[in-house]
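Asker: This is the structure I have questions about; it appears just below.
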Amino acid sequence: MEDKILSEIRKIVPENITGLLPADELDPAGLFLLQHTQDTVTEDNYTEALKAVEGVLEITWEELNTGHWSKVPLAPRQLYTAAAIIKIDILLRSYQQGCGDKTELLQSAMKTADLGILLGAPLSSGDCSMTRVAGLLSHALSMLSSVSEQQQAVSEPSSNTEHSSVMVHNIPGIKGQMLNTLEKPSLEGFRAAHFGPRVPAKLTGCISHWPALHLWRDINYLKKVAGARTVPIELGVHYVHPTWSQKLMTVAEFIEAHIVPQTGEATPIGYLAQHPLFEQVPELMSDIFEPEYCCLSDDLGEGAVTEETDINAWFGPKGTVSPLHYDPKHNLLAQVVGEKRILLYHPDQSENLYPYEGSFLNNTAQVDPEEPDYKTFPNYKNIIAWECHLKQGEMLYIPPKWWHHVRSLSTSFSVSFWWT
Amino acid sequence: MHRHDEVNMKLLYCGYNGFGQCPTTRASTLPQLTEFPVTGVKEVSLAWSCMVVLTDSGVRVSGFVGGEPHQLKQLTLPDAQQPQQLSCSQRHVLVTVPSGDCWKFCIKNSSWRRLDHFTRVERELKHEDSGADPIVRVCCGSTFDVALSESGRAFVLPSPIYHPGVRVTQVACGNEHCLLLTETGQVFSWGIGSRGQLGHGGLENEQEIARQVDSLAGLHVMLVAAGGWHSSAVTECSDLYTWGWNQSGQLGFCTGKNTVRAKQEQTAGPKKLKTEYTDDVTILSTPLPVIWPLEQEVNVKDVGCGSRHTIALLDDGTVWGCGWNAYGQLGMSPERVPSTWKITRIELPDGNSGVVTGIECGAWSTVVFLA
């Protein structure tokens with residue numbers, strides 16, 4: 001029963017929530033409002049209490065949007081988490097008292113938890129982890145909706161549950177030299193020929209044991225495991241296009257709006273790009289494995305600190321584009337569903353790719369390899385790209401600083417591993 | 001931002017009231033312009049959790065003060081000095097006095113402190129001994145405060161902002177940027193530009209010197225206002241320009257979220273709604289004039305910006321707003337209109353005869369002056 005799970009969440013809500021926050025570093029008005037709300041919430045004032053705690057979330061959201069995200073101090077992020085916990089607690093109390101629509105209340109709690117994961121930071125003590133709360137909520141929600149899902153199954157055609165297959169026609173842009181392919185290279189062989197000298201390569205046979213390869217082909221599986229989870233979706237052609245924007249939506253909403261509709265329909269392209277989905281939904285992490293190659297390190301000195309590998313999800317329809325750019329870390333891009341075309345350029349070519357000036361986009365090229373403007377960027381003319389068509393089950397090694405342009409040729413789900 | 005010398009001016013308040021900053025009611029949301037119980041108002045400044053009012057009889061601060069909500073306190077300046085002009089953030093109130101000094105009232109512990117450091121440092125640096133350069137205006141932002149001296153120099157307290165030797169006559173402060181208006185009607189911006197709020201056509205910061213907003217250079221600007229991450233300017237021709245973040249429609253430009261509703265309204269409503277701009281706007285990094293849903297010519301008299309909303313007063317006395325309305329800061333029910341990118345008329349409550357002479361925005365609130 002979902003009631004049991006919800007009681008479990010309510011049990012781990014700390015009693016004096018603001019006591020877990022660094023009061024000296026936070027605005028007293030927001031802290032007061034949060035504690036006052038927790039202290040005075042009763043059956044009669046859920047609506048008023050929700051409004052109050054949402055005020056704390058909103059003002060903290062404004063603080064988190066002030067200054068560069070990487071420089072936002074921990075304290076307001078912890079306040080965001082604390083306020084999210086209190087909001088979830090109030091929603092679950094309403095749920096248990098039967099005040100309001102059950103599914104709506106749980107969905108609202110789920111969204112609050114996901115925003116807490118995306119924007120917040122763990123509290124300094126206590127065992128109320130937002131990832132745990134979110135996992136429990138997701139579980140409760142799936143129990144609640146499993147009944148109605150069965151009823152829906154009849155009216156829903158099952159033909160749409162598999163992603164559309166790959167059909168490649170008229171891929172825009174220049175052609176490059178095809179990249180070398182290696183079948184399951186040994187760790188030492190990969191280090192000597194690729195990792196060490198920074199040479200890109202396509203690797204095959206390395207992820208054939210991943211359960212994700214067959215599981216993620218099924219849209220219903222993704223909906224079941226992560227459908228209710230809120231994620232940031234990039235809308236628009238690509239991130240340097242003027243109409244580009246980001247929007248938060250659930251994975252299910254994203255699938256309905258951007259994956260299921262066939263291209264050609266007037267829907268803008270949506271892309272779940274560079275998102276640490278596997279931290280947010282640990283269940284999906286058990287469908288994949290970090291490749292052994294990620295344990296290779298440049299720094300072999302003693303006491304070298306190895307950072308954790310950044311694992312990101314890239315899920316979108318045919319036609320998503322990552323404009324020509326480079327990243328500072330080693331990158332293994334694993335293709336789980338569908339096909340992508342990647343164009344690669346050696347770091348030596350930076351000047352001829354005309355990077356944007358300024359601090360924001362200096363890792364992004366002004367040249368568009370799909371529609372090169374040779375008049376404005378004449379030096380681009382003589383450059384040769386390496387081209388790679390990455391199919392399901394294949395993996396691409398992109399060394400640090402190598403320029404890459406990525407286009408999905410079909411519905412595509414990739415996982416990237418960034419490491420140093 | 002505006003001096004009001006008319007007597008018996010009324011103050012109407014709408015928006016967020018979570019700390020009882022408008023003492024008329026205990027309701028945490030005021031979606032209708034509601035009379036604020038005070039007379040003889042000269043100036044108002046609004047922050048997220050509190051507000052200050054300057055009247056004939058002194059300074060009053062209301063809302064979250066000294067660790068408690070629902071406060072309404074009279075502030076007395078040290079040595080009974082007369083307050084000239086004021087501004088507040090949720091942390092403190094800055095007040096200028098006739099001697100040219102600036103005083104800071106800490107809202108947490110109710111203490112006064114004189115800010116006399118910055119102008120002196122500036123003079124010493126320049127080896128000037130030409131006497132005092134009194135502080136004539138102050139403007140509090142959420143991360144820094146800006147002051148203006150009589151000779152037209154601007155300070156991000158306590159340091160001067162460098163800009164090419166033009167006299168500044170007005171300052172406006174957003175969450176992390178500020179606007180300077182010069183005596184020749186030119187606009188300069190300084191600070192963080194991550195949402196296009198500086199208006200230079202990019203997202204770069206300008207923290208060395210204030211940089212002129214080139215696209216407004218050919219216009220004579222009369223008035224500037226800065227919101228959370230957006231900016232606005234009113235020109236000599238009474239046109240309203242906006243730029244920066246349009247996340248809730250605060251620029252008056254189409255946002256993706258509301259497109260469907262706007263289309264529906266368009267068929268029924270006035271014909272000339274959007275004629276030039278068809279794309280959704282997330283960020284506008286260059287100022288553009290706002291398009292009004294009116295057939296006749298529109299003359300903007302005053303403008304104010306909140307965190308995520310914009311309010312404009314027209315010369316016919318009507319008040320308009322766009323952006324975020326979660327707390328009724330646009331004077332409408334948030335259940336009916338959570339936010340609107342379409343600039344919408346705000347109705348005054350029944351029984352309020354009088355002329356609207358000015359407006360002022362707080363983070364999530366709006367004040368209208370009625371003479």
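Ordering of the structure tokens sets the chain letters (A, B, ...), residue numbers begin anew at 1 in every chain, and ligands are numbered from 1 in the order given.
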Output as a tab-separated table one row per residue of chain B within 10 Å of chain A: the closest atom pair and its distance in Å to one decimal place, counting only C-alpha atoms, sorted by chain and residue number ascending.
Answerer:
residue	atom	partner	partner_atom	distance
B:Tyr16	CA	A:Gly55	CA	9.0
B:Gly18	CA	A:Ala52	CA	7.2
B:Phe19	CA	A:Ala29	CA	8.3
B:Ala27	CA	A:Glu48	CA	9.4
B:Ser28	CA	A:Ala52	CA	8.0
B:Thr29	CA	A:Lys51	CA	9.1
B:Trp48	CA	A:Ile59	CA	8.3
B:Ser49	CA	A:Ala29	CA	6.6
B:Cys50	CA	A:Ala29	CA	9.4
B:Gly63	CA	A:Ala29	CA	9.7
B:Phe64	CA	A:Ala29	CA	6.5
B:Val65	CA	A:Ala29	CA	8.7
B:Gly66	CA	A:Pro28	CA	9.3
B:Gly67	CA	A:Pro28	CA	6.8
B:Glu68	CA	A:Phe32	CA	8.2
B:Pro69	CA	A:Ala29	CA	8.2
B:Gln90	CA	A:Ala29	CA	8.1
B:Arg91	CA	A:Asp27	CA	7.9
B:Lys108	CA	A:Pro28	CA	7.9
B:Ser142	CA	A:Glu63	CA	9.0
B:Thr143	CA	A:Thr66	CA	8.6
B:Asn175	CA	A:Thr66	CA	6.9
B:Glu176	CA	A:Thr66	CA	6.7
B:Ile192	CA	A:Gly67	CA	7.3
B:Gly193	CA	A:Gly67	CA	9.6
B:Ser194	CA	A:His68	CA	8.1
B:Arg195	CA	A:Asn65	CA	9.9
B:Gly202	CA	A:Gly358	CA	9.7
B:Leu203	CA	A:Phe360	CA	7.8
B:Glu204	CA	A:Gly358	CA	7.2
B:Asn205	CA	A:Ser359	CA	9.4
B:Gly228	CA	A:Glu62	CA	8.2
B:Trp229	CA	A:Thr66	CA	8.6
B:Gln247	CA	A:Ser245	CA	9.7
B:Gly256	CA	A:Ser245	CA	9.4
B:Lys257	CA	A:Lys247	CA	9.5
B:Asp279	CA	A:Thr243	CA	7.3
B:Asp280	CA	A:Thr243	CA	6.8
B:Val281	CA	A:Thr243	CA	6.8
B:Thr282	CA	A:Ser245	CA	6.4
B:Ile283	CA	A:Pro242	CA	8.4
B:Leu284	CA	A:Pro242	CA	9.2
B:Ser307	CA	A:Glu62	CA	8.2
B:Arg308	CA	A:Glu62	CA	9.6
B:Ala326	CA	A:Gly55	CA	9.6
B:Tyr327	CA	A:Gly55	CA	9.2
B:Ala363	CA	A:Ile59	CA	9.2
B:Trp364	CA	A:Ile59	CA	9.6
Asker: Could you dump the residues just selected with N, CA and C atoms as a compact mmCIF listing (two decimals), in the first residue's frame?
Answerer:
# COMPACT_ATOMS: atom_id res chain seq x y z
N TYR B 16 2.36 40.46 -2.74
CA TYR B 16 2.76 39.62 -1.62
C TYR B 16 2.65 40.36 -0.29
N GLY B 18 3.07 38.40 2.83
CA GLY B 18 3.37 37.30 3.74
C GLY B 18 3.90 37.72 5.09
N PHE B 19 4.35 38.97 5.21
CA PHE B 19 4.87 39.45 6.50
C PHE B 19 4.07 40.64 7.01
N ALA B 27 -4.21 38.95 5.36
CA ALA B 27 -4.11 38.03 4.22
C ALA B 27 -2.70 38.08 3.63
N SER B 28 -2.16 36.90 3.28
CA SER B 28 -0.78 36.86 2.79
C SER B 28 -0.68 37.23 1.31
N THR B 29 -1.81 37.25 0.64
CA THR B 29 -1.83 37.64 -0.77
C THR B 29 -2.89 38.72 -0.97
N TRP B 48 11.15 42.45 -0.38
CA TRP B 48 10.37 41.21 -0.36
C TRP B 48 9.58 41.07 0.95
N SER B 49 10.24 41.37 2.08
CA SER B 49 9.62 41.07 3.37
C SER B 49 9.22 42.32 4.16
N CYS B 50 9.52 43.52 3.62
CA CYS B 50 9.18 44.74 4.36
C CYS B 50 9.05 45.90 3.39
N GLY B 63 6.17 45.26 8.10
CA GLY B 63 6.47 43.91 7.64
C GLY B 63 7.38 43.18 8.62
N PHE B 64 8.37 42.47 8.10
CA PHE B 64 9.28 41.68 8.94
C PHE B 64 10.41 42.57 9.44
N VAL B 65 10.30 42.98 10.71
CA VAL B 65 11.28 43.90 11.30
C VAL B 65 11.71 43.36 12.66
N GLY B 66 12.99 43.31 12.91
CA GLY B 66 13.49 42.86 14.21
C GLY B 66 13.12 41.41 14.52
N GLY B 67 13.03 40.58 13.50
CA GLY B 67 12.76 39.17 13.71
C GLY B 67 11.29 38.80 13.83
N GLU B 68 10.39 39.78 13.66
CA GLU B 68 8.95 39.51 13.79
C GLU B 68 8.18 40.04 12.58
N PRO B 69 7.17 39.29 12.15
CA PRO B 69 6.32 39.80 11.07
C PRO B 69 5.26 40.76 11.61
N GLN B 90 15.49 43.86 2.04
CA GLN B 90 14.93 43.15 3.18
C GLN B 90 15.88 43.17 4.38
N ARG B 91 17.10 43.66 4.17
CA ARG B 91 18.07 43.71 5.26
C ARG B 91 18.17 45.08 5.92
N LYS B 108 17.38 43.93 11.12
CA LYS B 108 17.48 42.80 12.05
C LYS B 108 17.63 43.29 13.49
N SER B 142 19.15 43.76 -4.19
CA SER B 142 19.17 42.59 -3.31
C SER B 142 20.59 42.11 -3.03
N THR B 143 21.56 42.47 -3.89
CA THR B 143 22.93 42.05 -3.58
C THR B 143 23.88 43.23 -3.36
N ASN B 175 18.56 42.81 -9.18
CA ASN B 175 19.13 41.81 -8.29
C ASN B 175 20.65 41.76 -8.37
N GLU B 176 21.18 41.94 -9.58
CA GLU B 176 22.63 41.87 -9.72
C GLU B 176 23.13 42.79 -10.82
N ILE B 192 25.97 42.07 -13.57
CA ILE B 192 25.89 40.75 -14.18
C ILE B 192 24.94 40.82 -15.38
N GLY B 193 25.32 40.15 -16.47
CA GLY B 193 24.49 40.22 -17.68
C GLY B 193 23.95 38.88 -18.12
N SER B 194 23.90 37.91 -17.20
CA SER B 194 23.57 36.53 -17.58
C SER B 194 22.19 36.36 -18.20
N ARG B 195 21.27 37.29 -17.97
CA ARG B 195 19.92 37.20 -18.55
C ARG B 195 19.67 38.32 -19.54
N GLY B 202 24.43 40.81 -25.54
CA GLY B 202 25.05 39.54 -25.17
C GLY B 202 24.72 39.21 -23.73
N LEU B 203 25.43 38.22 -23.21
CA LEU B 203 25.17 37.83 -21.83
C LEU B 203 26.39 38.07 -20.94
N GLU B 204 27.29 38.90 -21.45
CA GLU B 204 28.52 39.14 -20.69
C GLU B 204 28.28 40.09 -19.51
N ASN B 205 29.16 39.98 -18.50
CA ASN B 205 29.10 40.90 -17.36
C ASN B 205 29.86 42.18 -17.69
N GLY B 228 14.27 42.19 -11.16
CA GLY B 228 15.17 41.12 -10.74
C GLY B 228 16.27 40.91 -11.76
N TRP B 229 15.88 40.52 -12.98
CA TRP B 229 16.85 40.29 -14.04
C TRP B 229 16.38 40.97 -15.33
N GLN B 247 11.22 35.45 -18.44
CA GLN B 247 10.81 34.15 -17.91
C GLN B 247 9.31 34.06 -17.59
N GLY B 256 6.60 31.20 -24.51
CA GLY B 256 6.03 29.97 -25.03
C GLY B 256 4.84 29.49 -24.24
N LYS B 257 4.98 29.58 -22.93
CA LYS B 257 3.97 29.04 -22.03
C LYS B 257 2.56 29.52 -22.34
N ASP B 279 8.28 35.35 -32.62
CA ASP B 279 9.00 34.33 -31.88
C ASP B 279 8.79 34.47 -30.38
N ASP B 280 8.84 33.35 -29.71
CA ASP B 280 8.83 33.40 -28.26
C ASP B 280 10.13 34.02 -27.78
N VAL B 281 10.03 34.80 -26.73
CA VAL B 281 11.23 35.45 -26.20
C VAL B 281 11.54 34.90 -24.82
N THR B 282 12.75 34.37 -24.64
CA THR B 282 13.19 33.95 -23.32
C THR B 282 14.04 35.04 -22.72
N ILE B 283 14.98 35.49 -23.52
CA ILE B 283 15.90 36.54 -23.10
C ILE B 283 16.00 37.55 -24.23
N LEU B 284 15.91 38.84 -23.87
CA LEU B 284 16.08 39.89 -24.86
C LEU B 284 17.31 40.66 -24.42
N SER B 307 10.65 41.77 -9.13
CA SER B 307 11.52 40.64 -9.45
C SER B 307 11.21 40.08 -10.81
N ARG B 308 9.91 39.83 -11.05
CA ARG B 308 9.51 39.18 -12.29
C ARG B 308 8.25 39.82 -12.87
N ALA B 326 1.81 35.54 -9.28
CA ALA B 326 1.51 34.48 -8.30
C ALA B 326 0.96 35.04 -6.99
N TYR B 327 1.29 36.29 -6.68
CA TYR B 327 0.82 36.89 -5.42
C TYR B 327 -0.09 38.08 -5.68
N ALA B 363 9.66 43.46 -4.80
CA ALA B 363 10.00 42.18 -5.42
C ALA B 363 8.75 41.53 -6.00
N TRP B 364 7.73 41.33 -5.15
CA TRP B 364 6.50 40.67 -5.58
C TRP B 364 5.29 41.56 -5.29
Asker: Give me every alpha helix (DSSP H) residue in segment 117-223 of chain B, going by DSSP on the backbone, as a VMD selection string.
Answerer: chain B and resid 117 to 125
Asker: I want to know what sits within 10 Å of Gly165 of chain B, based on only C-alpha atoms, with residues of the same chain fewer than 2 positions away left out; could you give that as a ChimeraX atom specification?
Answerer: /B:152-153,162-163,167-168,182
Asker: For Ser145 of chain A, work out the shell of residues within 12 Å, counting only C-alpha atoms and skipping chain neighbours fewer than 5 positions away, then give it as a list of chain:residue names.
Answerer: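 Contacts, in chain order: A:Glu2, A:Lys102, A:Thr103, A:Glu104, A:Leu106, A:Gln107, A:Ser138, A:His139, A:Ala140, A:Gln150, A:Gln151, A:Gln152, A:Lys223, A:Lys224, A:Gly227, A:Ala228.
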Asker: Would you mind exporting all heavy atoms of the selected residues as a tab-separated table (two decimals), in the first residue's frame?
Answerer:
chain	number	residue	atom	x	y	z
A	2	GLU	N	0.44	2.25	-0.77
A	2	GLU	CA	1.25	3.46	-0.84
A	2	GLU	C	1.22	4.23	0.49
A	2	GLU	O	2.14	4.97	0.80
A	2	GLU	CB	0.81	4.35	-2.02
A	2	GLU	CG	-0.42	5.18	-1.81
A	2	GLU	CD	-1.71	4.43	-2.10
A	2	GLU	OE1	-1.65	3.24	-2.43
A	2	GLU	OE2	-2.78	5.04	-1.99
A	102	LYS	N	-5.91	12.68	-4.89
A	102	LYS	CA	-4.74	11.91	-4.44
A	102	LYS	C	-3.60	11.94	-5.45
A	102	LYS	O	-2.45	12.18	-5.08
A	102	LYS	CB	-5.15	10.46	-4.17
A	102	LYS	CG	-5.95	10.29	-2.89
A	102	LYS	CD	-5.99	8.83	-2.45
A	102	LYS	CE	-6.32	8.76	-0.97
A	102	LYS	NZ	-6.10	7.43	-0.40
A	103	THR	N	-3.91	11.68	-6.71
A	103	THR	CA	-2.85	11.64	-7.72
A	103	THR	C	-2.19	13.01	-7.86
A	103	THR	O	-0.97	13.12	-7.90
A	103	THR	CB	-3.43	11.20	-9.09
A	103	THR	OG1	-4.19	10.02	-8.87
A	103	THR	CG2	-2.33	10.91	-10.08
A	104	GLU	N	-3.01	14.06	-7.89
A	104	GLU	CA	-2.46	15.41	-8.02
A	104	GLU	C	-1.54	15.76	-6.86
A	104	GLU	O	-0.47	16.34	-7.05
A	104	GLU	CB	-3.58	16.45	-8.10
A	104	GLU	CG	-4.10	16.64	-9.51
A	104	GLU	CD	-5.30	17.58	-9.57
A	104	GLU	OE1	-5.41	18.47	-8.69
A	104	GLU	OE2	-6.13	17.39	-10.48
A	106	LEU	N	0.20	13.69	-4.96
A	106	LEU	CA	1.45	12.94	-5.06
A	106	LEU	C	2.32	13.46	-6.19
A	106	LEU	O	3.54	13.54	-6.06
A	106	LEU	CB	1.18	11.44	-5.26
A	106	LEU	CG	0.85	10.62	-4.01
A	106	LEU	CD1	1.07	9.15	-4.30
A	106	LEU	CD2	1.70	11.05	-2.83
A	107	GLN	N	1.68	13.83	-7.31
A	107	GLN	CA	2.46	14.38	-8.42
A	107	GLN	C	3.14	15.69	-8.02
A	107	GLN	O	4.29	15.94	-8.36
A	107	GLN	CB	1.57	14.60	-9.64
A	107	GLN	CG	1.30	13.31	-10.41
A	107	GLN	CD	0.26	13.47	-11.50
A	107	GLN	OE1	-0.54	14.41	-11.47
A	107	GLN	NE2	0.26	12.55	-12.44
A	138	SER	N	8.18	8.19	-5.87
A	138	SER	CA	8.03	7.59	-7.20
A	138	SER	C	7.39	6.21	-7.08
A	138	SER	O	6.50	5.85	-7.85
A	138	SER	CB	9.41	7.51	-7.85
A	138	SER	OG	9.34	6.77	-9.03
A	139	HIS	N	7.82	5.48	-6.07
A	139	HIS	CA	7.27	4.16	-5.82
A	139	HIS	C	5.78	4.25	-5.48
A	139	HIS	O	4.94	3.54	-6.04
A	139	HIS	CB	8.06	3.51	-4.68
A	139	HIS	CG	7.77	2.06	-4.51
A	139	HIS	ND1	8.24	1.31	-3.45
A	139	HIS	CD2	7.06	1.20	-5.26
A	139	HIS	CE1	7.82	0.07	-3.56
A	139	HIS	NE2	7.10	-0.04	-4.66
A	140	ALA	N	5.45	5.16	-4.57
A	140	ALA	CA	4.06	5.33	-4.15
A	140	ALA	C	3.19	5.73	-5.34
A	140	ALA	O	2.07	5.23	-5.52
A	140	ALA	CB	3.97	6.39	-3.06
A	150	GLN	N	-3.74	-0.01	-16.15
A	150	GLN	CA	-4.30	-1.21	-16.75
A	150	GLN	C	-5.59	-0.89	-17.49
A	150	GLN	O	-5.85	-1.43	-18.56
A	150	GLN	CB	-4.58	-2.26	-15.66
A	150	GLN	CG	-3.32	-3.02	-15.27
A	150	GLN	CD	-3.46	-3.74	-13.94
A	150	GLN	OE1	-4.55	-3.73	-13.34
A	150	GLN	NE2	-2.39	-4.33	-13.47
A	151	GLN	N	-6.36	0.03	-16.91
A	151	GLN	CA	-7.60	0.40	-17.59
A	151	GLN	C	-7.31	1.12	-18.91
A	151	GLN	O	-8.04	0.98	-19.85
A	151	GLN	CB	-8.43	1.31	-16.67
A	151	GLN	CG	-8.99	0.55	-15.48
A	151	GLN	CD	-9.50	1.48	-14.40
A	151	GLN	OE1	-9.14	2.65	-14.34
A	151	GLN	NE2	-10.34	0.96	-13.52
A	152	GLN	N	-6.22	1.88	-18.90
A	152	GLN	CA	-5.88	2.64	-20.10
A	152	GLN	C	-5.33	1.76	-21.22
A	152	GLN	O	-5.44	2.10	-22.38
A	152	GLN	CB	-4.83	3.69	-19.77
A	152	GLN	CG	-5.43	5.02	-19.32
A	152	GLN	CD	-4.36	6.02	-18.97
A	152	GLN	OE1	-3.21	5.83	-19.34
A	152	GLN	NE2	-4.74	7.05	-18.26
A	223	LYS	N	8.77	5.20	-19.20
A	223	LYS	CA	7.66	5.89	-18.53
A	223	LYS	C	7.41	5.29	-17.15
A	223	LYS	O	7.11	6.00	-16.20
A	223	LYS	CB	6.39	5.76	-19.37
A	223	LYS	CG	6.22	6.82	-20.42
A	223	LYS	CD	4.75	6.84	-20.79
A	223	LYS	CE	4.47	7.40	-22.14
A	223	LYS	NZ	3.12	7.06	-22.59
A	224	LYS	N	7.51	3.96	-17.08
A	224	LYS	CA	7.22	3.31	-15.80
A	224	LYS	C	8.28	3.67	-14.76
A	224	LYS	O	7.97	4.01	-13.63
A	224	LYS	CB	7.18	1.78	-16.01
A	224	LYS	CG	6.45	1.04	-14.90
A	224	LYS	CD	6.51	-0.46	-15.09
A	224	LYS	CE	7.64	-1.03	-14.25
A	224	LYS	NZ	8.18	-2.28	-14.66
A	227	GLY	N	8.75	8.07	-15.56
A	227	GLY	CA	7.72	8.93	-16.15
A	227	GLY	C	7.31	10.12	-15.30
A	227	GLY	O	7.08	11.21	-15.82
A	228	ALA	N	7.24	9.92	-14.00
A	228	ALA	CA	6.74	10.99	-13.13
A	228	ALA	C	7.81	11.98	-12.73
A	228	ALA	O	7.54	12.97	-12.06
A	228	ALA	CB	6.11	10.37	-11.88
Asker: Determine, counting only C-alpha atoms, which protein, DNA and RNA residues have an atom within 12 Å of an atom of Gln96 of chain A; residues of the same chain fewer than 2 positions away are not included. Present the result as a ChimeraX atom specification.
Answerer: /A:2-7,10,43,89-94,98-102,105-106
Asker: Output the selection as a compact mmCIF listing (two decimals), in the first residue's frame - N, CA, C and O atoms for each residue.
Answerer:
# COMPACT_ATOMS: atom_id res chain seq x y z
N GLU A 2 0.44 2.25 -0.77
CA GLU A 2 1.25 3.46 -0.84
C GLU A 2 1.22 4.23 0.49
O GLU A 2 2.14 4.97 0.80
N ASP A 3 0.16 4.04 1.28
CA ASP A 3 0.06 4.75 2.56
C ASP A 3 1.26 4.47 3.46
O ASP A 3 1.75 5.36 4.16
N LYS A 4 1.73 3.23 3.39
CA LYS A 4 2.84 2.82 4.24
C LYS A 4 4.12 3.57 3.83
O LYS A 4 4.88 4.04 4.67
N ILE A 5 4.31 3.66 2.51
CA ILE A 5 5.49 4.35 2.01
C ILE A 5 5.44 5.83 2.41
O ILE A 5 6.43 6.41 2.83
N LEU A 6 4.25 6.41 2.29
CA LEU A 6 4.12 7.83 2.62
C LEU A 6 4.38 8.08 4.11
O LEU A 6 5.02 9.07 4.47
N SER A 7 3.92 7.15 4.95
CA SER A 7 4.21 7.29 6.38
C SER A 7 5.70 7.23 6.62
O SER A 7 6.23 7.93 7.49
N ARG A 10 7.09 10.59 5.92
CA ARG A 10 6.76 11.57 6.96
C ARG A 10 7.60 11.34 8.21
O ARG A 10 7.90 12.27 8.95
N GLU A 43 -4.69 20.75 10.22
CA GLU A 43 -5.64 20.25 9.24
C GLU A 43 -6.43 21.38 8.56
O GLU A 43 -6.82 21.26 7.41
N ASP A 89 5.86 17.40 3.04
CA ASP A 89 5.19 16.96 4.27
C ASP A 89 3.74 17.46 4.32
O ASP A 89 2.83 16.71 4.64
N ILE A 90 3.56 18.73 3.96
CA ILE A 90 2.20 19.28 3.98
C ILE A 90 1.32 18.57 2.93
O ILE A 90 0.17 18.22 3.20
N LEU A 91 1.90 18.33 1.75
CA LEU A 91 1.13 17.65 0.70
C LEU A 91 0.74 16.23 1.15
O LEU A 91 -0.38 15.78 0.91
N LEU A 92 1.66 15.55 1.83
CA LEU A 92 1.36 14.18 2.28
C LEU A 92 0.34 14.19 3.41
O LEU A 92 -0.48 13.28 3.52
N ARG A 93 0.39 15.21 4.25
CA ARG A 93 -0.64 15.33 5.30
C ARG A 93 -2.01 15.52 4.65
O ARG A 93 -2.99 14.90 5.07
N SER A 94 -2.06 16.39 3.63
CA SER A 94 -3.34 16.59 2.92
C SER A 94 -3.80 15.26 2.34
O SER A 94 -4.98 14.92 2.38
N GLY A 98 -7.15 13.06 3.21
CA GLY A 98 -8.12 13.02 2.14
C GLY A 98 -8.53 14.39 1.64
O GLY A 98 -9.65 14.58 1.15
N CYS A 99 -7.67 15.40 1.81
CA CYS A 99 -7.98 16.74 1.31
C CYS A 99 -7.40 16.91 -0.09
O CYS A 99 -6.21 17.20 -0.23
N GLY A 100 -8.20 16.73 -1.10
CA GLY A 100 -7.73 16.98 -2.46
C GLY A 100 -7.54 15.68 -3.24
O GLY A 100 -7.61 14.58 -2.69
N ASP A 101 -7.27 15.86 -4.54
CA ASP A 101 -7.11 14.73 -5.44
C ASP A 101 -5.81 13.99 -5.14
O ASP A 101 -4.73 14.58 -5.12
N LYS A 102 -5.91 12.68 -4.89
CA LYS A 102 -4.74 11.91 -4.44
C LYS A 102 -3.60 11.94 -5.45
O LYS A 102 -2.45 12.18 -5.08
N LEU A 105 -1.94 15.38 -5.65
CA LEU A 105 -1.12 15.69 -4.48
C LEU A 105 0.23 14.97 -4.56
O LEU A 105 1.28 15.55 -4.30
N LEU A 106 0.20 13.69 -4.96
CA LEU A 106 1.45 12.94 -5.06
C LEU A 106 2.32 13.46 -6.19
O LEU A 106 3.54 13.54 -6.06
Asker: In Å, rounded to a single decimal, give me how far atom CA of Leu215 of chain A is from atom CA of Phe190 of chain A.
Answerer: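 Between atom CA of Phe190 of chain A and atom CA of Leu215 of chain A the gap works out to 28.7 Å.
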Asker: Please list as a PyMOL selection string every residue within 8 Å of Leu343 of chain A, counting only C-alpha atoms and excluding residues in the same chain fewer than 3 positions away.
Answerer: chain A and resi 176+385-388+404-406
Asker: Figure out the distance between atom CA of Ala210 of chain B and atom CA of Leu86 of chain B, please, to one decimal in Å.
Answerer: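 Distance reported for this atom pair: 23.5 Å.
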Asker: With a distance cut-off of 7 Å and only C-alpha atoms, select the neighbouring residues of Phe253 of chain B, excluding the residue or stretch itself and same-chain residues fewer than 4 positions from it, and output the selection as a VMD selection string.
Answerer: chain B and resid 249 281 341 to 342
Asker: Can you write out the residues you just picked, keeping N, CA, C and O atoms, as a CSV table (one decimal), in the first residue's frame?
Answerer:
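Wrote it out as part07.csv, contents follow:
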chain,number,residue,atom,x,y,z
B,249,GLY,N,7.2,36.6,-18.7
B,249,GLY,CA,6.5,37.5,-19.5
B,249,GLY,C,6.7,39.0,-19.1
B,249,GLY,O,6.0,39.9,-19.5
B,281,VAL,N,10.0,34.8,-26.7
B,281,VAL,CA,11.2,35.4,-26.2
B,281,VAL,C,11.5,34.9,-24.8
B,281,VAL,O,10.7,34.9,-23.9
B,341,TRP,N,2.2,37.5,-20.3
B,341,TRP,CA,3.2,38.3,-21.0
B,341,TRP,C,2.5,39.5,-21.7
B,341,TRP,O,3.2,40.5,-22.1
B,342,LYS,N,1.2,39.4,-21.9
B,342,LYS,CA,0.5,40.4,-22.6
B,342,LYS,C,0.2,41.6,-21.6
B,342,LYS,O,-0.3,41.3,-20.5
